[in-house]
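File shown: work_27.cif (mmCIF, C-alpha atoms).
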data_structure
#
loop_
_atom_site.group_PDB
_atom_site.id
_atom_site.type_symbol
_atom_site.label_atom_id
_atom_site.label_comp_id
_atom_site.auth_asym_id
_atom_site.auth_seq_id
_atom_site.Cartn_x
_atom_site.Cartn_y
_atom_site.Cartn_z
ATOM 1 C CA MET W 1 13.621 -15.887 -3.305
ATOM 2 C CA LYS W 2 15.537 -14.746 -6.405
ATOM 3 C CA ARG W 3 14.485 -17.906 -8.250
ATOM 4 C CA ARG W 4 10.827 -17.247 -7.469
ATOM 5 C CA ILE W 5 11.020 -13.679 -8.755
ATOM 6 C CA LEU W 6 12.840 -14.805 -11.912
ATOM 7 C CA THR W 7 10.291 -17.591 -12.486
ATOM 8 C CA LEU W 8 7.431 -15.106 -12.035
ATOM 9 C CA LEU W 9 8.972 -12.709 -14.562
ATOM 10 C CA ILE W 10 9.497 -15.519 -17.079
ATOM 11 C CA LEU W 11 5.872 -16.638 -16.674
ATOM 12 C CA LEU W 12 4.584 -13.070 -17.102
ATOM 13 C CA THR W 13 6.481 -12.430 -20.350
ATOM 14 C CA PRO W 14 3.948 -14.299 -22.561
ATOM 15 C CA LEU W 15 1.115 -12.396 -20.884
ATOM 16 C CA LEU W 16 2.773 -9.121 -21.837
ATOM 17 C CA ALA W 17 3.025 -10.243 -25.449
ATOM 18 C CA MET W 18 -0.623 -11.404 -25.591
ATOM 19 C CA ALA W 19 -2.120 -8.421 -23.798
ATOM 20 C CA GLY W 20 -1.524 -5.844 -26.537
ATOM 21 C CA GLU W 21 -1.335 -2.094 -26.259
ATOM 22 C CA PRO W 22 -4.085 -0.122 -24.473
ATOM 23 C CA LYS W 23 -5.683 1.668 -27.442
ATOM 24 C CA GLY W 24 -6.931 5.120 -26.582
ATOM 25 C CA ALA W 25 -6.486 4.574 -22.857
ATOM 26 C CA PRO W 26 -4.178 6.836 -20.845
ATOM 27 C CA ARG W 27 -0.843 5.240 -20.010
ATOM 28 C CA SER W 28 0.064 7.164 -16.833
ATOM 29 C CA GLN W 29 -1.946 7.457 -13.636
ATOM 30 C CA VAL W 30 -1.330 9.103 -10.272
ATOM 31 C CA ARG W 31 -3.321 8.083 -7.196
ATOM 32 C CA LEU W 32 -3.621 9.865 -3.857
ATOM 33 C CA GLY W 33 -5.445 7.924 -1.167
ATOM 34 C CA TRP W 34 -6.158 6.928 2.399
ATOM 35 C CA GLY W 35 -6.408 3.477 3.992
ATOM 36 C CA ASP W 36 -7.418 2.038 7.353
ATOM 37 C CA MET W 37 -5.032 1.189 10.222
ATOM 38 C CA LEU W 38 -6.861 -1.787 11.749
ATOM 39 C CA PHE W 39 -3.676 -3.635 12.740
ATOM 40 C CA GLU W 40 -2.158 -0.543 14.345
ATOM 41 C CA THR W 41 -5.291 0.311 16.327
ATOM 42 C CA LEU W 42 -5.342 -3.257 17.676
ATOM 43 C CA ALA W 43 -1.611 -3.288 18.472
ATOM 44 C CA PHE W 44 -1.403 0.263 19.899
ATOM 45 C CA HIS W 45 -4.194 0.960 22.349
ATOM 46 C CA PRO W 46 -4.650 2.478 25.830
ATOM 47 C CA GLY W 47 -3.590 0.379 28.800
ATOM 48 C CA THR W 48 -0.570 -0.762 30.742
ATOM 49 C CA GLY W 49 2.153 -2.471 28.694
ATOM 50 C CA LEU W 50 4.238 -5.467 29.685
ATOM 51 C CA ASP W 51 6.935 -3.003 30.695
ATOM 52 C CA GLY W 52 4.571 -1.364 33.238
ATOM 53 C CA ASN W 53 4.253 1.895 31.284
ATOM 54 C CA VAL W 54 0.769 3.425 31.081
ATOM 55 C CA ARG W 55 -0.223 4.300 27.502
ATOM 56 C CA SER W 56 -3.100 6.677 26.757
ATOM 57 C CA ASN W 57 -4.440 9.362 24.392
ATOM 58 C CA PHE W 58 -3.831 7.512 21.123
ATOM 59 C CA GLY W 59 -4.177 9.109 17.693
ATOM 60 C CA TYR W 60 -3.782 7.608 14.201
ATOM 61 C CA THR W 61 -3.338 9.182 10.759
ATOM 62 C CA GLY W 62 -4.441 6.198 8.716
ATOM 63 C CA HIS W 63 -2.336 5.219 5.709
ATOM 64 C CA ILE W 64 -1.783 8.217 3.451
ATOM 65 C CA PHE W 65 -0.400 6.991 0.136
ATOM 66 C CA SER W 66 0.448 8.019 -3.392
ATOM 67 C CA GLU W 67 1.137 5.828 -6.393
ATOM 68 C CA TYR W 68 2.300 6.329 -9.945
ATOM 69 C CA SER W 69 1.559 3.599 -12.497
ATOM 70 C CA TYR W 70 2.377 3.196 -16.177
ATOM 71 C CA ARG W 71 0.351 0.898 -18.448
ATOM 72 C CA LEU W 72 2.531 -1.469 -20.401
ATOM 73 C CA SER W 73 -0.502 -3.179 -21.954
ATOM 74 C CA LYS W 74 -4.256 -3.613 -21.480
ATOM 75 C CA LEU W 75 -3.487 -6.135 -18.760
ATOM 76 C CA ILE W 76 -0.334 -4.976 -16.986
ATOM 77 C CA SER W 77 0.726 -1.718 -15.313
ATOM 78 C CA VAL W 78 3.893 -1.115 -13.311
ATOM 79 C CA GLY W 79 4.734 1.689 -10.931
ATOM 80 C CA GLY W 80 5.739 2.711 -7.462
ATOM 81 C CA GLU W 81 3.994 3.596 -4.227
ATOM 82 C CA LEU W 82 4.805 5.625 -1.107
ATOM 83 C CA ASP W 83 2.768 5.036 2.057
ATOM 84 C CA PHE W 84 3.011 7.026 5.303
ATOM 85 C CA GLU W 85 1.324 6.526 8.669
ATOM 86 C CA GLY W 86 1.644 8.004 12.137
ATOM 87 C CA ILE W 87 0.671 6.737 15.588
ATOM 88 C CA PHE W 88 0.670 9.161 18.519
ATOM 89 C CA TRP W 89 0.191 8.507 22.243
ATOM 90 C CA GLN W 90 1.282 9.412 25.730
ATOM 91 C CA GLU W 91 3.340 7.042 27.821
ATOM 92 C CA ASN W 92 3.357 7.886 31.542
ATOM 93 C CA GLY W 93 2.230 11.393 30.526
ATOM 94 C CA LYS W 94 5.045 11.905 27.994
ATOM 95 C CA PRO W 95 4.032 12.333 24.292
ATOM 96 C CA LEU W 96 5.458 9.768 21.844
ATOM 97 C CA ASN W 97 5.172 9.636 18.059
ATOM 98 C CA ASN W 98 5.790 6.630 15.833
ATOM 99 C CA TYR W 99 5.915 6.735 12.016
ATOM 100 C CA ASN W 100 6.202 4.235 9.161
ATOM 101 C CA LEU W 101 7.280 5.226 5.654
ATOM 102 C CA ILE W 102 6.938 2.496 3.019
ATOM 103 C CA ALA W 103 8.338 2.581 -0.521
ATOM 104 C CA MET W 104 7.685 -0.207 -3.005
ATOM 105 C CA PRO W 105 7.503 -0.941 -6.721
ATOM 106 C CA THR W 106 4.077 -2.208 -7.784
ATOM 107 C CA ILE W 107 2.492 -4.291 -10.526
ATOM 108 C CA ARG W 108 -1.202 -4.231 -11.453
ATOM 109 C CA PHE W 109 -3.285 -6.701 -13.469
ATOM 110 C CA THR W 110 -6.439 -5.172 -15.007
ATOM 111 C CA PHE W 111 -8.834 -8.031 -15.701
ATOM 112 C CA PHE W 112 -12.019 -6.092 -16.583
ATOM 113 C CA GLU W 113 -12.337 -2.685 -18.215
ATOM 114 C CA ARG W 114 -15.249 -0.713 -19.603
ATOM 115 C CA GLU W 115 -15.857 2.994 -20.256
ATOM 116 C CA TRP W 116 -16.834 3.867 -16.645
ATOM 117 C CA VAL W 117 -15.438 1.000 -14.553
ATOM 118 C CA SER W 118 -12.421 -1.292 -14.313
ATOM 119 C CA PHE W 119 -11.380 -4.082 -11.925
ATOM 120 C CA TYR W 120 -7.803 -4.928 -11.073
ATOM 121 C CA SER W 121 -5.542 -6.729 -8.607
ATOM 122 C CA GLY W 122 -1.848 -6.437 -7.914
ATOM 123 C CA PHE W 123 0.996 -6.466 -5.464
ATOM 124 C CA GLY W 124 4.016 -4.488 -4.337
ATOM 125 C CA PHE W 125 7.195 -5.408 -2.524
ATOM 126 C CA GLY W 126 9.646 -2.997 -0.918
ATOM 127 C CA ALA W 127 10.796 -1.670 2.432
ATOM 128 C CA VAL W 128 9.544 0.210 5.478
ATOM 129 C CA MET W 129 11.487 2.754 7.478
ATOM 130 C CA ALA W 130 10.064 2.893 11.009
ATOM 131 C CA PHE W 131 11.107 5.866 13.140
ATOM 132 C CA ASP W 132 9.893 7.612 16.271
ATOM 133 C CA SER W 133 10.221 10.782 18.332
ATOM 134 C CA ALA W 134 12.857 9.130 20.553
ATOM 135 C CA GLY W 135 15.277 8.967 17.597
ATOM 136 C CA ASN W 136 14.939 5.237 16.903
ATOM 137 C CA ARG W 137 15.023 4.077 13.282
ATOM 138 C CA GLU W 138 14.679 0.600 11.757
ATOM 139 C CA PHE W 139 14.259 -0.869 8.290
ATOM 140 C CA ALA W 140 12.310 -3.980 7.307
ATOM 141 C CA LEU W 141 10.713 -5.671 4.305
ATOM 142 C CA ALA W 142 7.201 -4.627 3.310
ATOM 143 C CA GLY W 143 4.650 -6.026 0.900
ATOM 144 C CA ASN W 144 1.158 -5.125 -0.227
ATOM 145 C CA LEU W 145 -1.355 -7.555 -1.687
ATOM 146 C CA ASN W 146 -4.151 -5.845 -3.578
ATOM 147 C CA PHE W 147 -6.805 -8.546 -3.749
ATOM 148 C CA PHE W 148 -9.448 -6.526 -5.593
ATOM 149 C CA SER W 149 -9.914 -2.920 -6.690
ATOM 150 C CA VAL W 150 -12.776 -1.232 -8.484
ATOM 151 C CA GLN W 151 -12.030 2.019 -10.283
ATOM 152 C CA VAL W 152 -14.939 4.218 -11.376
ATOM 153 C CA GLY W 153 -14.755 7.292 -13.564
ATOM 154 C CA LYS W 154 -14.607 8.593 -17.111
ATOM 155 C CA GLY W 155 -11.977 10.878 -18.573
ATOM 156 C CA PRO W 156 -8.849 11.787 -16.631
ATOM 157 C CA TRP W 157 -10.451 11.682 -13.147
ATOM 158 C CA SER W 158 -11.570 8.548 -11.312
ATOM 159 C CA GLY W 159 -11.908 7.068 -7.845
ATOM 160 C CA THR W 160 -10.862 3.660 -6.546
ATOM 161 C CA PHE W 161 -11.927 1.392 -3.692
ATOM 162 C CA SER W 162 -9.439 -1.390 -2.866
ATOM 163 C CA LEU W 163 -9.327 -4.453 -0.627
ATOM 164 C CA GLY W 164 -5.860 -5.625 0.310
ATOM 165 C CA ALA W 165 -3.320 -6.328 3.024
ATOM 166 C CA LEU W 166 -0.201 -4.277 3.745
ATOM 167 C CA ASN W 167 2.461 -6.136 5.726
ATOM 168 C CA ALA W 168 5.850 -5.128 7.143
ATOM 169 C CA ILE W 169 7.926 -7.539 9.218
ATOM 170 C CA LYS W 170 11.590 -7.551 10.268
ATOM 171 C CA ASN W 171 11.505 -10.783 12.278
ATOM 172 C CA ALA W 172 9.226 -12.669 14.686
ATOM 173 C CA ASN W 173 9.749 -9.993 17.362
ATOM 174 C CA ARG W 174 9.565 -6.907 15.112
ATOM 175 C CA VAL W 175 6.207 -6.866 13.332
ATOM 176 C CA TYR W 176 5.266 -3.411 12.067
ATOM 177 C CA MET W 177 1.985 -4.388 10.448
ATOM 178 C CA VAL W 178 0.096 -7.482 9.305
ATOM 179 C CA GLY W 179 -3.094 -7.130 7.315
ATOM 180 C CA SER W 180 -3.057 -3.361 7.593
ATOM 181 C CA ARG W 181 -4.725 -1.146 4.983
ATOM 182 C CA LEU W 182 -7.420 -3.767 4.457
ATOM 183 C CA PHE W 183 -9.475 -1.185 2.606
ATOM 184 C CA SER W 184 -8.465 2.047 0.947
ATOM 185 C CA ILE W 185 -9.918 4.771 -1.237
ATOM 186 C CA SER W 186 -8.148 7.028 -3.692
ATOM 187 C CA LEU W 187 -8.654 9.878 -6.127
ATOM 188 C CA ASN W 188 -6.860 9.274 -9.427
ATOM 189 C CA TYR W 189 -5.718 11.359 -12.365
ATOM 190 C CA ALA W 190 -4.701 9.723 -15.673
ATOM 191 C CA TRP W 191 -3.059 11.099 -18.789
#
Would you encode the structure as structure tokens?
Amino acid sequence: MKRRILTLLILLTPLLAMAGEPKGAPRSQVRLGWGDMLFETLAFHPGTGLDGNVRSNFGYTGHIFSEYSYRLSKLISVGGELDFEGIFWQENGKPLNNYNLIAMPTIRFTFFEREWVSFYSGFGFGAVMAFDSAGNREFALAGNLNFFSVQVGKGPWSGTFSLGALNAIKNANRVYMVGSRLFSISLNYAW
């Protein structure tokens, strides 16, 4: 794994040199957004579990996230993202709450940019802390693939629509999410 990351960094170095500085464009951006919870709604739903417990009255927050990014060049931005989600239900009449908090560094590749619109892709890799109302807490690896994003706006404010896949897995028996946050929207401020 370390070799792959090192190889990726070595391959990206020439791109950084060729990309040049973003003339006149803001270098910093903050995003605040919301994304879907398709995986969670499929995995956590009303019914009787394998353990015989009856689960009902489900509620979901969606993925609430924030991201800071800094433009190194016209092509590459780096930053960090925090993502939070909550799942709420009753099990045999008793309320239960489950939460996931994800923190990860991110990298973005802007491949098209005009005055009002830009397109980019990217990825992030970090960790999830899963915890619940029963006092359980676990940590696992998390990664986000941002296949395609379109950002629209002029001046410091813009909005973004993204297609991606957020994943968090500890092992074959502890899967927190696969292909979650398939789509997301955000409001952005740049300076």
*Output the residue selection produced by the PyMOL selection byres ((chain W and resi 168-180) around 12) on the file above, formatted as a ChimeraX atom specification.*
/W:34-44,62-63,83,85-87,98-104,124-131,138-147,163-167,181-184
*Report the residues retrieved by the PyMOL selection byres ((chain W and resi 152-158) around 9) from the displayed file, expressed as a PyMOL selection string.*
chain W and resi 26+29+115-118+150-151+159-161+186-191
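Computed from the coordinates, the CA of Ser149 in chain W to CA of Phe123 in chain W distance equals 11.5 Å.
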Would you compute an axis-aligned box for range 161-167 of chain W, covering every atom listed for it in the file with 3 Å of margin on each side, and report centre and edge lengths in Å to one decimal as AutoDock Vina command-line options?
--center_x -4.7 --center_y -2.5 --center_z 1.0 --size_x 20.4 --size_y 13.7 --size_z 15.4
Could you tell me which residues the PyMOL selection byres ((chain W and resi 55) around 12) grabs in this file, written as a PDB file with C-alpha atoms, in the coordinates of the input?
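Output file expr_4.pdb is given in full below:
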ATOM      1  CA  ALA W  43      -1.611  -3.288  18.472  1.00  0.00           C
ATOM      2  CA  PHE W  44      -1.403   0.263  19.899  1.00  0.00           C
ATOM      3  CA  HIS W  45      -4.194   0.960  22.349  1.00  0.00           C
ATOM      4  CA  PRO W  46      -4.650   2.478  25.830  1.00  0.00           C
ATOM      5  CA  GLY W  47      -3.590   0.379  28.800  1.00  0.00           C
ATOM      6  CA  THR W  48      -0.570  -0.762  30.742  1.00  0.00           C
ATOM      7  CA  GLY W  49       2.153  -2.471  28.694  1.00  0.00           C
ATOM      8  CA  LEU W  50       4.238  -5.467  29.685  1.00  0.00           C
ATOM      9  CA  ASP W  51       6.935  -3.003  30.695  1.00  0.00           C
ATOM     10  CA  GLY W  52       4.571  -1.364  33.238  1.00  0.00           C
ATOM     11  CA  ASN W  53       4.253   1.895  31.284  1.00  0.00           C
ATOM     12  CA  VAL W  54       0.769   3.425  31.081  1.00  0.00           C
ATOM     13  CA  SER W  56      -3.100   6.677  26.757  1.00  0.00           C
ATOM     14  CA  ASN W  57      -4.440   9.362  24.392  1.00  0.00           C
ATOM     15  CA  PHE W  58      -3.831   7.512  21.123  1.00  0.00           C
ATOM     16  CA  GLY W  59      -4.177   9.109  17.693  1.00  0.00           C
ATOM     17  CA  PHE W  88       0.670   9.161  18.519  1.00  0.00           C
ATOM     18  CA  TRP W  89       0.191   8.507  22.243  1.00  0.00           C
ATOM     19  CA  GLN W  90       1.282   9.412  25.730  1.00  0.00           C
ATOM     20  CA  GLU W  91       3.340   7.042  27.821  1.00  0.00           C
ATOM     21  CA  ASN W  92       3.357   7.886  31.542  1.00  0.00           C
ATOM     22  CA  GLY W  93       2.230  11.393  30.526  1.00  0.00           C
ATOM     23  CA  LYS W  94       5.045  11.905  27.994  1.00  0.00           C
ATOM     24  CA  PRO W  95       4.032  12.333  24.292  1.00  0.00           C
ATOM     25  CA  LEU W  96       5.458   9.768  21.844  1.00  0.00           C
TER      26      LEU W  96
END
Could you complete range 149-165 of chain W so that it carries N, CA and C atoms, and give it back as a PDB file, keeping the file's coordinate frame?
ATOM      1  N   SER W 149      -9.649  -4.360  -6.632  1.00  0.00           N
ATOM      2  CA  SER W 149      -9.914  -2.920  -6.690  1.00  0.00           C
ATOM      3  C   SER W 149     -10.952  -2.646  -7.758  1.00  0.00           C
ATOM      4  N   VAL W 150     -11.825  -1.707  -7.482  1.00  0.00           N
ATOM      5  CA  VAL W 150     -12.776  -1.232  -8.484  1.00  0.00           C
ATOM      6  C   VAL W 150     -12.507   0.260  -8.680  1.00  0.00           C
ATOM      7  N   GLN W 151     -12.295   0.624  -9.924  1.00  0.00           N
ATOM      8  CA  GLN W 151     -12.030   2.019 -10.283  1.00  0.00           C
ATOM      9  C   GLN W 151     -13.204   2.521 -11.107  1.00  0.00           C
ATOM     10  N   VAL W 152     -13.763   3.664 -10.707  1.00  0.00           N
ATOM     11  CA  VAL W 152     -14.939   4.218 -11.376  1.00  0.00           C
ATOM     12  C   VAL W 152     -14.630   5.642 -11.813  1.00  0.00           C
ATOM     13  N   GLY W 153     -14.944   5.942 -13.047  1.00  0.00           N
ATOM     14  CA  GLY W 153     -14.755   7.292 -13.564  1.00  0.00           C
ATOM     15  C   GLY W 153     -14.573   7.275 -15.061  1.00  0.00           C
ATOM     16  N   LYS W 154     -14.753   8.449 -15.661  1.00  0.00           N
ATOM     17  CA  LYS W 154     -14.607   8.593 -17.111  1.00  0.00           C
ATOM     18  C   LYS W 154     -13.764   9.835 -17.355  1.00  0.00           C
ATOM     19  N   GLY W 155     -12.878   9.762 -18.322  1.00  0.00           N
ATOM     20  CA  GLY W 155     -11.977  10.878 -18.573  1.00  0.00           C
ATOM     21  C   GLY W 155     -10.759  10.765 -17.665  1.00  0.00           C
ATOM     22  N   PRO W 156     -10.092  11.875 -17.408  1.00  0.00           N
ATOM     23  CA  PRO W 156      -8.849  11.787 -16.631  1.00  0.00           C
ATOM     24  C   PRO W 156      -9.055  11.513 -15.132  1.00  0.00           C
ATOM     25  N   TRP W 157     -10.222  11.838 -14.587  1.00  0.00           N
ATOM     26  CA  TRP W 157     -10.451  11.682 -13.147  1.00  0.00           C
ATOM     27  C   TRP W 157     -11.230  10.408 -12.846  1.00  0.00           C
ATOM     28  N   SER W 158     -10.853   9.740 -11.759  1.00  0.00           N
ATOM     29  CA  SER W 158     -11.570   8.548 -11.312  1.00  0.00           C
ATOM     30  C   SER W 158     -11.343   8.364  -9.819  1.00  0.00           C
ATOM     31  N   GLY W 159     -12.072   7.438  -9.241  1.00  0.00           N
ATOM     32  CA  GLY W 159     -11.908   7.068  -7.845  1.00  0.00           C
ATOM     33  C   GLY W 159     -11.779   5.560  -7.737  1.00  0.00           C
ATOM     34  N   THR W 160     -11.089   5.091  -6.720  1.00  0.00           N
ATOM     35  CA  THR W 160     -10.862   3.660  -6.546  1.00  0.00           C
ATOM     36  C   THR W 160     -11.153   3.242  -5.119  1.00  0.00           C
ATOM     37  N   PHE W 161     -11.766   2.069  -4.977  1.00  0.00           N
ATOM     38  CA  PHE W 161     -11.927   1.392  -3.692  1.00  0.00           C
ATOM     39  C   PHE W 161     -11.170   0.077  -3.797  1.00  0.00           C
ATOM     40  N   SER W 162     -10.282  -0.196  -2.824  1.00  0.00           N
ATOM     41  CA  SER W 162      -9.439  -1.390  -2.866  1.00  0.00           C
ATOM     42  C   SER W 162      -9.552  -2.203  -1.589  1.00  0.00           C
ATOM     43  N   LEU W 163      -9.449  -3.514  -1.746  1.00  0.00           N
ATOM     44  CA  LEU W 163      -9.327  -4.453  -0.627  1.00  0.00           C
ATOM     45  C   LEU W 163      -7.959  -5.096  -0.727  1.00  0.00           C
ATOM     46  N   GLY W 164      -7.213  -5.077   0.363  1.00  0.00           N
ATOM     47  CA  GLY W 164      -5.860  -5.625   0.310  1.00  0.00           C
ATOM     48  C   GLY W 164      -5.315  -5.941   1.683  1.00  0.00           C
ATOM     49  N   ALA W 165      -4.001  -6.044   1.761  1.00  0.00           N
ATOM     50  CA  ALA W 165      -3.320  -6.328   3.024  1.00  0.00           C
ATOM     51  C   ALA W 165      -1.887  -5.846   2.917  1.00  0.00           C
TER      52      ALA W 165
END
